[in-house]
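Heads up, coords-v7.cif below (mmCIF, C-alpha atoms):
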```cif
data_entry
loop_
_atom_site.label_atom_id
_atom_site.label_comp_id
_atom_site.auth_asym_id
_atom_site.auth_seq_id
_atom_site.Cartn_x
_atom_site.Cartn_y
_atom_site.Cartn_z
CA MET A 206 -12.09 12.20 -24.49
CA LYS A 207 -9.92 14.44 -26.57
CA ARG A 208 -7.08 11.92 -26.32
CA GLU A 209 -9.34 9.10 -27.57
CA ASN A 210 -10.49 11.10 -30.60
CA THR A 211 -6.93 12.04 -31.48
CA GLY A 212 -5.89 8.40 -31.25
CA ALA A 213 -8.79 7.31 -33.43
CA LYS A 214 -7.87 9.85 -36.07
CA ARG A 215 -4.25 8.73 -35.94
CA VAL A 216 -5.35 5.12 -36.46
CA GLU A 217 -7.52 6.11 -39.44
CA ARG A 218 -4.71 8.12 -41.02
CA THR A 219 -2.25 5.28 -40.50
CA ARG A 220 -4.67 2.74 -41.94
CA ALA A 221 -5.33 4.97 -44.96
CA LYS A 222 -1.62 5.46 -45.51
CA GLN A 223 -0.92 1.74 -45.18
CA GLY A 224 -3.74 0.91 -47.58
CA ALA A 225 -6.52 -1.69 -47.54
CA PRO A 226 -9.43 0.68 -46.84
CA ASP A 227 -12.97 -0.67 -47.24
CA GLY A 228 -15.02 0.96 -49.98
CA LEU A 229 -15.46 1.73 -53.65
CA VAL A 230 -13.12 3.69 -55.88
CA ILE A 231 -14.57 5.20 -59.05
CA VAL A 232 -11.81 5.26 -61.64
CA ASP A 233 -11.72 7.19 -64.92
CA LYS A 234 -10.06 4.41 -66.90
CA PRO A 235 -7.52 5.52 -69.51
CA ALA A 236 -7.44 4.18 -73.06
CA GLY A 237 -5.11 1.24 -73.61
CA PHE A 238 -5.67 -0.26 -70.17
CA THR A 239 -7.67 -3.43 -69.60
CA SER A 240 -9.92 -3.60 -66.55
CA HIS A 241 -7.45 -6.11 -65.09
CA ASP A 242 -4.62 -3.60 -65.60
CA VAL A 243 -6.55 -1.06 -63.51
CA VAL A 244 -7.24 -3.65 -60.80
CA ALA A 245 -3.53 -4.45 -60.68
CA LYS A 246 -2.69 -0.74 -60.27
CA MET A 247 -5.25 -0.42 -57.48
CA ARG A 248 -3.86 -3.45 -55.64
CA GLY A 249 -0.56 -1.63 -55.49
CA MET A 250 -2.10 1.62 -54.29
CA ALA A 251 -4.34 -0.02 -51.69
CA ARG A 252 -1.69 -2.58 -50.69
CA THR A 253 -4.09 -5.49 -50.83
CA ARG A 254 -4.93 -8.29 -53.25
CA ARG A 255 -8.60 -7.98 -52.42
CA VAL A 256 -9.65 -5.68 -55.26
CA GLY A 257 -12.22 -6.33 -57.98
CA HIS A 258 -14.27 -4.47 -60.57
CA ALA A 259 -17.99 -4.24 -61.34
CA GLY A 260 -18.02 -5.06 -65.05
CA THR A 261 -15.25 -4.91 -67.64
CA LEU A 262 -14.44 -2.02 -69.95
CA ASP A 263 -12.65 -2.69 -73.25
CA PRO A 264 -9.04 -1.45 -73.54
CA MET A 265 -10.03 1.10 -76.21
CA ALA A 266 -12.75 2.58 -73.99
CA THR A 267 -12.32 5.17 -71.27
CA GLY A 268 -14.47 6.31 -68.37
CA VAL A 269 -16.19 4.95 -65.32
CA LEU A 270 -14.82 1.72 -63.88
CA VAL A 271 -16.10 0.83 -60.40
CA LEU A 272 -13.59 -0.92 -58.17
CA GLY A 273 -14.23 -2.50 -54.78
CA ILE A 274 -11.59 -2.82 -52.07
CA GLU A 275 -11.64 -5.33 -49.22
CA ARG A 276 -15.22 -5.92 -47.95
CA ALA A 277 -16.67 -3.74 -50.72
CA THR A 278 -15.82 -6.51 -53.21
CA LYS A 279 -18.95 -8.26 -51.92
CA LEU A 280 -21.05 -5.51 -53.54
CA LEU A 281 -19.49 -5.79 -56.99
CA GLY A 282 -21.49 -8.69 -58.40
CA HIS A 283 -24.72 -6.86 -57.60
CA LEU A 284 -23.50 -3.50 -58.92
CA ALA A 285 -22.47 -5.14 -62.20
CA LEU A 286 -26.15 -5.73 -63.01
CA THR A 287 -27.05 -2.03 -63.06
CA GLU A 288 -27.69 0.18 -66.10
CA LYS A 289 -24.79 1.88 -67.86
CA GLU A 290 -24.37 5.03 -69.98
CA TYR A 291 -21.93 5.71 -72.81
CA VAL A 292 -20.98 8.29 -75.40
CA GLY A 293 -19.13 7.15 -78.49
CA THR A 294 -18.43 7.40 -82.20
CA ILE A 295 -19.70 4.91 -84.77
CA ARG A 296 -18.00 4.84 -88.16
CA LEU A 297 -20.29 3.78 -91.01
CA GLY A 298 -18.59 2.45 -94.13
CA GLN A 299 -16.11 0.00 -92.62
CA THR A 300 -16.27 -3.23 -90.62
CA SER A 301 -13.54 -4.69 -88.41
CA VAL A 302 -12.80 -8.12 -87.02
CA THR A 303 -13.38 -6.85 -83.46
CA ASP A 304 -16.30 -4.52 -84.31
CA ASP A 305 -14.16 -1.63 -83.04
CA ALA A 306 -11.09 0.38 -84.03
CA GLU A 307 -8.66 -2.08 -82.42
CA GLY A 308 -9.30 -4.76 -85.01
CA GLU A 309 -8.23 -5.15 -88.63
CA ILE A 310 -10.59 -3.60 -91.18
CA THR A 311 -12.24 -6.46 -93.05
CA ALA A 312 -14.49 -4.61 -95.50
CA SER A 313 -15.00 -1.06 -96.76
CA ARG A 314 -17.88 0.55 -98.63
CA ALA A 315 -18.51 4.20 -99.48
CA ALA A 316 -20.86 5.71 -96.91
CA HIS A 317 -21.32 9.34 -97.95
CA GLY A 318 -24.79 10.72 -98.64
CA LEU A 319 -26.58 8.44 -96.19
CA ASP A 320 -30.19 9.35 -95.53
CA ARG A 321 -30.57 10.60 -91.96
CA ALA A 322 -34.07 9.13 -91.79
CA ALA A 323 -32.62 5.71 -92.63
CA ILE A 324 -30.00 6.12 -89.91
CA ASP A 325 -32.66 7.06 -87.36
CA ALA A 326 -34.82 4.11 -88.43
CA GLY A 327 -31.86 1.77 -87.96
CA VAL A 328 -31.22 3.21 -84.50
CA ALA A 329 -34.89 2.79 -83.58
CA GLU A 330 -34.70 -0.91 -84.48
CA LEU A 331 -31.81 -1.29 -82.04
CA THR A 332 -33.63 0.47 -79.20
CA GLY A 333 -35.71 -1.23 -76.52
CA ALA A 334 -35.68 -4.92 -75.65
CA ILE A 335 -33.62 -6.57 -78.39
CA MET A 336 -31.71 -9.77 -79.09
CA GLN A 337 -28.02 -9.04 -79.56
CA VAL A 338 -25.16 -11.21 -80.77
CA PRO A 339 -22.00 -10.14 -78.90
CA SER A 340 -18.75 -9.56 -80.74
CA LYS A 341 -16.84 -12.76 -81.48
CA VAL A 342 -13.77 -11.11 -79.98
CA SER A 343 -15.29 -10.81 -76.52
CA ALA A 344 -14.75 -12.32 -73.08
CA ILE A 345 -17.86 -14.48 -73.29
CA LYS A 346 -17.12 -18.13 -72.61
CA ILE A 347 -17.96 -20.75 -75.24
CA ASP A 348 -17.65 -24.30 -73.88
CA GLY A 349 -15.50 -23.02 -71.04
CA LYS A 350 -13.10 -20.92 -73.13
CA ARG A 351 -13.14 -17.19 -73.86
CA SER A 352 -14.51 -16.39 -77.29
CA TYR A 353 -11.58 -14.10 -78.15
CA ALA A 354 -9.12 -16.89 -77.32
CA ARG A 355 -10.90 -19.26 -79.70
CA VAL A 356 -10.91 -16.64 -82.48
CA ARG A 357 -7.17 -16.01 -82.04
CA LYS A 358 -6.59 -19.74 -82.57
CA GLY A 359 -8.44 -19.53 -85.87
CA GLU A 360 -11.67 -21.16 -84.71
CA ASP A 361 -15.00 -20.14 -86.24
CA VAL A 362 -17.00 -19.06 -83.21
CA GLU A 363 -20.77 -18.76 -83.10
CA ILE A 364 -22.17 -16.85 -80.13
CA PRO A 365 -25.93 -17.14 -79.57
CA ALA A 366 -28.00 -13.98 -79.39
CA ARG A 367 -29.08 -12.89 -75.94
CA PRO A 368 -31.63 -10.41 -74.64
CA VAL A 369 -30.47 -6.92 -73.70
CA THR A 370 -32.25 -3.64 -73.19
CA VAL A 371 -31.21 -0.41 -74.88
CA SER A 372 -33.30 2.20 -73.10
CA SER A 373 -31.87 5.12 -75.09
CA PHE A 374 -29.87 5.30 -78.33
CA VAL A 375 -29.44 8.85 -79.63
CA VAL A 376 -27.52 10.18 -82.65
CA TYR A 377 -26.32 13.74 -82.03
CA SER A 378 -24.47 14.33 -85.29
CA ALA A 379 -23.48 12.66 -88.55
CA GLU A 380 -20.26 13.92 -90.13
CA GLU A 381 -18.86 12.76 -93.47
CA ALA A 382 -15.13 11.98 -93.41
CA GLU A 383 -12.44 9.94 -95.15
CA ALA A 384 -10.87 6.85 -93.60
CA ALA A 385 -7.12 6.21 -93.65
CA ASP A 386 -7.50 3.98 -96.73
CA GLY A 387 -9.49 6.66 -98.57
CA THR A 388 -12.94 5.17 -97.99
CA PRO A 389 -15.70 7.80 -97.73
CA VAL A 390 -17.23 7.20 -94.29
CA THR A 391 -19.78 8.81 -91.98
CA ASP A 392 -19.02 9.23 -88.29
CA LEU A 393 -21.94 9.28 -85.85
CA LEU A 394 -21.66 10.85 -82.41
CA VAL A 395 -24.01 8.82 -80.20
CA SER A 396 -25.08 8.23 -76.63
CA VAL A 397 -26.43 4.94 -75.28
CA GLU A 398 -28.14 3.93 -72.04
CA CYS A 399 -28.38 0.18 -71.71
CA SER A 400 -28.58 -2.85 -69.48
CA SER A 401 -25.58 -4.77 -68.27
CA GLY A 402 -24.21 -7.12 -70.92
CA THR A 403 -24.95 -4.82 -73.87
CA TYR A 404 -22.06 -4.44 -76.34
CA ILE A 405 -21.88 -0.94 -77.85
CA ARG A 406 -19.56 -2.20 -80.59
CA ALA A 407 -22.23 -4.76 -81.51
CA LEU A 408 -24.72 -1.90 -81.88
CA ALA A 409 -22.25 -0.19 -84.24
CA ARG A 410 -21.82 -3.41 -86.24
CA ASP A 411 -25.55 -4.08 -86.47
CA LEU A 412 -26.42 -0.49 -87.44
CA GLY A 413 -23.83 -0.62 -90.24
CA GLU A 414 -25.21 -3.94 -91.46
CA ALA A 415 -28.77 -2.61 -91.44
CA LEU A 416 -27.68 0.38 -93.57
CA GLY A 417 -25.79 -1.87 -95.99
CA VAL A 418 -22.41 -0.18 -95.53
CA GLY A 419 -20.94 -1.86 -92.45
CA GLY A 420 -19.92 -0.15 -89.24
CA HIS A 421 -17.65 -0.29 -86.24
CA LEU A 422 -16.98 1.63 -83.05
CA THR A 423 -14.07 4.11 -83.14
CA ALA A 424 -14.36 5.74 -79.69
CA LEU A 425 -16.20 4.95 -76.45
CA ARG A 426 -16.44 6.60 -73.07
CA ARG A 427 -18.53 5.19 -70.21
CA THR A 428 -20.12 8.04 -68.30
CA ARG A 429 -22.17 6.13 -65.73
CA VAL A 430 -22.44 2.76 -64.00
CA GLY A 431 -25.67 2.67 -62.00
CA PRO A 432 -25.62 5.79 -59.79
CA TYR A 433 -21.87 6.34 -60.13
CA LYS A 434 -20.98 9.02 -62.66
CA LEU A 435 -17.86 10.60 -64.13
CA ASP A 436 -18.05 13.50 -61.67
CA ARG A 437 -17.06 11.03 -58.92
CA ALA A 438 -14.31 9.38 -60.98
CA ARG A 439 -10.58 10.06 -60.64
CA THR A 440 -7.74 9.20 -62.96
CA LEU A 441 -5.05 6.74 -61.92
CA GLU A 442 -2.62 9.64 -61.69
CA GLN A 443 -4.93 11.56 -59.34
CA LEU A 444 -5.39 8.49 -57.17
CA GLN A 445 -1.66 7.83 -57.01
CA THR A 446 -1.05 11.46 -56.03
CA ALA A 447 -3.56 11.09 -53.19
CA VAL A 448 -1.83 7.93 -51.99
CA ASP A 449 1.59 9.62 -52.08
CA ASP A 450 0.38 12.74 -50.27
CA GLU A 451 1.56 12.25 -46.69
CA ALA A 452 -0.47 15.21 -45.50
CA GLY A 453 -3.69 13.83 -46.95
CA GLY A 454 -5.92 10.95 -45.97
CA GLY A 455 -4.54 8.41 -48.40
CA LEU A 456 -6.55 6.61 -51.05
CA PRO A 457 -9.97 8.29 -51.41
CA VAL A 458 -12.72 5.69 -51.20
CA MET A 459 -16.49 5.83 -51.08
CA PRO A 460 -17.55 4.15 -47.81
CA ILE A 461 -19.50 0.92 -48.24
CA GLY A 462 -22.65 2.32 -46.63
CA GLU A 463 -22.67 5.38 -48.88
CA ALA A 464 -22.05 3.23 -51.94
CA ALA A 465 -24.88 0.85 -51.06
CA ALA A 466 -27.34 3.66 -50.29
CA ALA A 467 -26.61 5.23 -53.68
CA ALA A 468 -27.15 2.00 -55.60
CA PHE A 469 -29.97 0.24 -53.74
CA PRO A 470 -33.20 1.14 -51.92
CA ARG A 471 -32.52 1.94 -48.28
CA TRP A 472 -34.27 -0.03 -45.53
CA ASP A 473 -33.88 1.49 -42.07
CA VAL A 474 -34.56 -1.25 -39.54
CA THR A 475 -35.18 -1.16 -35.81
CA LEU A 476 -32.58 -2.23 -33.27
CA ASP A 477 -34.41 -5.53 -32.71
CA GLN A 478 -34.60 -6.17 -36.46
CA ALA A 479 -30.89 -5.36 -36.79
CA ARG A 480 -30.01 -7.90 -34.12
CA LEU A 481 -32.09 -10.59 -35.81
CA LEU A 482 -30.63 -9.85 -39.25
CA THR A 483 -27.04 -9.99 -38.03
CA ASN A 484 -27.81 -13.38 -36.47
CA GLY A 485 -29.10 -14.77 -39.75
CA VAL A 486 -32.81 -14.64 -38.93
CA ARG A 487 -34.98 -14.16 -42.02
CA ILE A 488 -37.35 -11.48 -40.78
CA PRO A 489 -40.36 -10.12 -42.70
CA MET A 490 -39.21 -7.68 -45.38
CA PRO A 491 -41.12 -5.13 -47.46
CA ARG A 492 -40.89 -5.19 -51.25
CA PHE A 493 -38.69 -2.65 -52.97
CA ASP A 494 -39.45 -2.11 -56.64
CA GLU A 495 -39.46 0.87 -58.97
CA GLU A 496 -43.02 0.82 -60.30
CA GLY A 497 -44.96 -1.23 -57.80
CA ASP A 498 -45.45 -4.19 -60.12
CA GLY A 499 -41.89 -5.04 -61.12
CA PRO A 500 -39.57 -7.61 -59.58
CA ALA A 501 -38.47 -6.94 -56.03
CA ARG A 502 -35.12 -5.20 -55.83
CA PRO A 503 -32.32 -5.90 -53.35
CA ALA A 504 -32.23 -3.41 -50.49
CA ALA A 505 -29.52 -2.07 -48.21
CA ALA A 506 -30.41 -2.50 -44.53
CA PHE A 507 -29.18 0.11 -42.05
CA ALA A 508 -29.26 0.01 -38.25
CA PRO A 509 -30.69 2.94 -36.24
CA ASP A 510 -27.16 4.31 -35.74
CA GLY A 511 -26.57 4.37 -39.51
CA THR A 512 -24.42 1.24 -39.68
CA PHE A 513 -24.74 -0.62 -42.98
CA LEU A 514 -25.76 -4.15 -42.04
CA ALA A 515 -26.41 -6.17 -45.17
CA LEU A 516 -27.62 -6.32 -48.72
CA LEU A 517 -30.88 -8.26 -48.73
CA GLU A 518 -33.47 -9.57 -51.14
CA ASN A 519 -37.12 -10.28 -50.56
CA GLN A 520 -37.70 -14.01 -50.85
CA GLY A 521 -41.24 -15.07 -50.11
CA GLY A 522 -41.81 -11.94 -48.02
CA ARG A 523 -38.73 -12.50 -45.86
CA ALA A 524 -35.22 -11.10 -45.94
CA LYS A 525 -32.54 -13.27 -47.48
CA SER A 526 -28.96 -12.05 -47.10
CA LEU A 527 -27.00 -11.49 -50.29
CA ALA A 528 -24.00 -10.02 -48.49
CA VAL A 529 -23.48 -9.23 -44.80
CA PHE A 530 -21.29 -6.31 -43.75
CA ALA A 531 -21.96 -5.91 -40.03
CA GLU A 532 -19.11 -7.20 -37.90
#
```

Show me, as structure tokens, the structure contained in the file I just sent.
Amino acid sequence: MKRENTGAKRVERTRAKQGAPDGLVIVDKPAGFTSHDVVAKMRGMARTRRVGHAGTLDPMATGVLVLGIERATKLLGHLALTEKEYVGTIRLGQTSVTDDAEGEITASRAAHGLDRAAIDAGVAELTGAIMQVPSKVSAIKIDGKRSYARVRKGEDVEIPARPVTVSSFVVYSAEEAEAADGTPVTDLLVSVECSSGTYIRALARDLGEALGVGGHLTALRRTRVGPYKLDRARTLEQLQTAVDDEAGGGLPVMPIGEAAAAAFPRWDVTLDQARLLTNGVRIPMPRFDEEGDGPARPAAAFAPDGTFLALLENQGGRAKSLAVFAE
């Protein structure tokens, strides 16, 4: 028995060292990196091409980027739909072509002496269920081509407004400053909780427009994606150190079952139910929703021994598989 356990541990260590573990990695993305850049780095660390991310983060932004490795990539599309949290700085008094600090300043207007009540009223108008027009320099596809690619070619792009939900938009401070070109500006330190698909730089743009002085985003840090927070995130340097540490366990990943249980309601099924689910049978399934009258949420099904079986949704009272993980 002792020999078997030792062998199993040796296999796990070897597998970790060789890469390609199943699970999520929560990365603290550095500024200047695209989400694709981080995926490329992770492919090298994990020694597999099967790596993806749950929602992009602009190059200027830092913070939580959720990556999936191997089978965990099947969770990513569902994780991308969860709520996100940010802290950032909005500069009032200047607009940019990208609605953030990476783009050329297109207009400037003195923004000292702004009424705090007017700022708060503008923020209130951008809170709740709103219609938002994304930045023209975004990855949204217009007639099959990325909007930013069309803008770079000189095209005049019109992106239709779409519904998003800003559940919290808070201004912590408003500090008067001077921009590099001498424009008197006001910098707002803000936090935002919002639905997937919300552009924080569009909030900055729209708040500036509402106040009549223009605005853009100068700093952004994502602090949460669904249940995954910064306290679980590691920098690329920390992850590479873990991979290079021969005495350690290799790349630190969050096991698929743990990741699913953190993000979705847990459904513990019987052994008979587990057998039926793994054979594709659509068994009766309870509803999982937050308030009892909302839409049914996907649920993570676990066997009696704790094995994560599948991500399921309730369709007509029966379980429909969104992703199967049992082998």

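Minimum atom-to-atom distance to Gly333 in chain A, evaluated using all atoms listed in the file, belongs to A:Val397 out of A:Ala438, A:Val397, A:Val302, A:Ala245.
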
Residue IDs satisfying the PyMOL selection byres ((chain A and resi 529) around 7), as a short mmCIF file (atom, residue, chain, number, x, y, z; two decimals) with C-alpha atoms, in the frame of the given file:
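The resulting file, expr_26.cif, is reproduced below:
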```cif
data_model
loop_
_atom_site.label_atom_id
_atom_site.label_comp_id
_atom_site.auth_asym_id
_atom_site.auth_seq_id
_atom_site.Cartn_x
_atom_site.Cartn_y
_atom_site.Cartn_z
CA LEU A 514 -25.76 -4.15 -42.04
CA ALA A 515 -26.41 -6.17 -45.17
CA LEU A 516 -27.62 -6.32 -48.72
CA SER A 526 -28.96 -12.05 -47.10
CA LEU A 527 -27.00 -11.49 -50.29
CA ALA A 528 -24.00 -10.02 -48.49
CA PHE A 530 -21.29 -6.31 -43.75
CA ALA A 531 -21.96 -5.91 -40.03
#
```

**OP:** Grab the CA of Ala501 in chain A to CA of Thr428 in chain A distance for me, in Å with one decimal place.
**Re:** 26.7 Å

**OP:** Rank A:Val271, A:His317, A:Arg487, A:Pro457 by their smallest atom-to-atom distance to Gln443 in chain A, using all atoms listed in the file, and report the top residue only.
**Re:** A:Pro457

Near range 288-299 of chain A, 10 Å: range 408-493 of chain A residue rows, closest pairs, all atoms listed in the file, as CSV:
```
residue,atom,partner,partner_atom,distance
A:Leu408,CA,A:Ile295,CA,8.9
A:Ala409,CA,A:Ile295,CA,5.7
A:Arg410,CA,A:Ile295,CA,8.7
A:Leu412,CA,A:Leu297,CA,8.3
A:Gly413,CA,A:Leu297,CA,5.7
A:Glu414,CA,A:Leu297,CA,9.2
A:Leu416,CA,A:Leu297,CA,8.5
A:Gly417,CA,A:Gly298,CA,8.6
A:Val418,CA,A:Gly298,CA,4.8
A:Gly419,CA,A:Gln299,CA,5.2
A:Gly420,CA,A:Leu297,CA,4.3
A:His421,CA,A:Arg296,CA,5.5
A:Leu422,CA,A:Ile295,CA,4.6
A:Thr423,CA,A:Thr294,CA,5.5
A:Ala424,CA,A:Thr294,CA,5.1
A:Leu425,CA,A:Gly293,CA,4.2
A:Arg426,CA,A:Val292,CA,5.4
A:Arg427,CA,A:Tyr291,CA,4.3
A:Thr428,CA,A:Tyr291,CA,5.4
A:Arg429,CA,A:Glu290,CA,4.9
A:Val430,CA,A:Lys289,CA,4.6
A:Gly431,CA,A:Glu288,CA,5.2
A:Pro432,CA,A:Glu288,CA,8.7
A:Tyr433,CA,A:Lys289,CA,9.4
A:Lys434,CA,A:Glu290,CA,9.0
```

Name every residue that the PyMOL selection byres ((chain A and resi 255-257) around 6) selects in this structure, writing the answer as a tab-separated table (two decimals) with C-alpha atoms, in the coordinates of the input with chains first and numbers rising.
```tsv
chain	number	residue	atom	x	y	z
A	253	THR	CA	-4.09	-5.49	-50.83
A	254	ARG	CA	-4.93	-8.29	-53.25
A	258	HIS	CA	-14.27	-4.47	-60.57
A	272	LEU	CA	-13.59	-0.92	-58.17
A	273	GLY	CA	-14.23	-2.50	-54.78
A	274	ILE	CA	-11.59	-2.82	-52.07
A	275	GLU	CA	-11.64	-5.33	-49.22
A	278	THR	CA	-15.82	-6.51	-53.21
```

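Interatomic distance, CA of Arg252 in chain A against CA of Leu456 in chain A: 10.4 Å.
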
Using the atoms already present, construct N, CA and C atoms for range 274-298 of chain A and hand them back as a short mmCIF file (atom, residue, chain, number, x, y, z; two decimals), keeping the file's coordinate frame.
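The resulting selection_1.cif:
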```cif
data_model
loop_
_atom_site.label_atom_id
_atom_site.label_comp_id
_atom_site.auth_asym_id
_atom_site.auth_seq_id
_atom_site.Cartn_x
_atom_site.Cartn_y
_atom_site.Cartn_z
N ILE A 274 -12.76 -2.46 -52.85
CA ILE A 274 -11.59 -2.82 -52.07
C ILE A 274 -12.03 -3.48 -50.78
N GLU A 275 -11.35 -4.57 -50.43
CA GLU A 275 -11.64 -5.33 -49.22
C GLU A 275 -13.13 -5.74 -49.16
N ARG A 276 -13.84 -5.42 -48.10
CA ARG A 276 -15.22 -5.92 -47.95
C ARG A 276 -16.16 -5.41 -49.04
N ALA A 277 -15.82 -4.29 -49.67
CA ALA A 277 -16.67 -3.74 -50.72
C ALA A 277 -16.72 -4.64 -51.95
N THR A 278 -15.78 -5.59 -52.07
CA THR A 278 -15.82 -6.51 -53.21
C THR A 278 -17.10 -7.34 -53.20
N LYS A 279 -17.71 -7.48 -52.02
CA LYS A 279 -18.95 -8.26 -51.92
C LYS A 279 -20.13 -7.56 -52.60
N LEU A 280 -20.00 -6.25 -52.86
CA LEU A 280 -21.05 -5.51 -53.54
C LEU A 280 -20.96 -5.63 -55.06
N LEU A 281 -19.77 -5.95 -55.57
CA LEU A 281 -19.49 -5.79 -56.99
C LEU A 281 -20.40 -6.60 -57.91
N GLY A 282 -20.65 -7.86 -57.55
CA GLY A 282 -21.49 -8.69 -58.40
C GLY A 282 -22.90 -8.14 -58.55
N HIS A 283 -23.38 -7.44 -57.54
CA HIS A 283 -24.72 -6.86 -57.60
C HIS A 283 -24.70 -5.52 -58.34
N LEU A 284 -23.62 -4.76 -58.21
CA LEU A 284 -23.50 -3.50 -58.92
C LEU A 284 -23.33 -3.73 -60.42
N ALA A 285 -22.73 -4.85 -60.79
CA ALA A 285 -22.47 -5.14 -62.20
C ALA A 285 -23.76 -5.28 -63.00
N LEU A 286 -24.87 -5.51 -62.32
CA LEU A 286 -26.15 -5.73 -63.01
C LEU A 286 -26.90 -4.43 -63.29
N THR A 287 -26.34 -3.29 -62.91
CA THR A 287 -27.05 -2.03 -63.06
C THR A 287 -26.89 -1.46 -64.47
N GLU A 288 -27.72 -0.45 -64.78
CA GLU A 288 -27.69 0.18 -66.10
C GLU A 288 -26.43 1.01 -66.28
N LYS A 289 -26.00 1.13 -67.53
CA LYS A 289 -24.79 1.88 -67.86
C LYS A 289 -25.08 2.91 -68.95
N GLU A 290 -24.24 3.95 -68.99
CA GLU A 290 -24.37 5.03 -69.98
C GLU A 290 -23.05 5.23 -70.69
N TYR A 291 -23.14 5.51 -72.01
CA TYR A 291 -21.93 5.71 -72.81
C TYR A 291 -22.13 6.85 -73.79
N VAL A 292 -21.02 7.45 -74.21
CA VAL A 292 -20.98 8.29 -75.40
C VAL A 292 -19.90 7.70 -76.29
N GLY A 293 -20.11 7.77 -77.60
CA GLY A 293 -19.13 7.15 -78.49
C GLY A 293 -19.27 7.61 -79.91
N THR A 294 -18.40 7.08 -80.77
CA THR A 294 -18.43 7.40 -82.20
C THR A 294 -18.52 6.10 -83.00
N ILE A 295 -19.50 6.05 -83.87
CA ILE A 295 -19.70 4.91 -84.77
C ILE A 295 -19.29 5.33 -86.17
N ARG A 296 -18.41 4.56 -86.77
CA ARG A 296 -18.00 4.84 -88.16
C ARG A 296 -18.77 3.92 -89.10
N LEU A 297 -19.56 4.52 -89.99
CA LEU A 297 -20.29 3.78 -91.01
C LEU A 297 -19.47 3.76 -92.29
N GLY A 298 -19.35 2.58 -92.90
CA GLY A 298 -18.59 2.45 -94.13
C GLY A 298 -17.46 1.44 -94.03
#
```
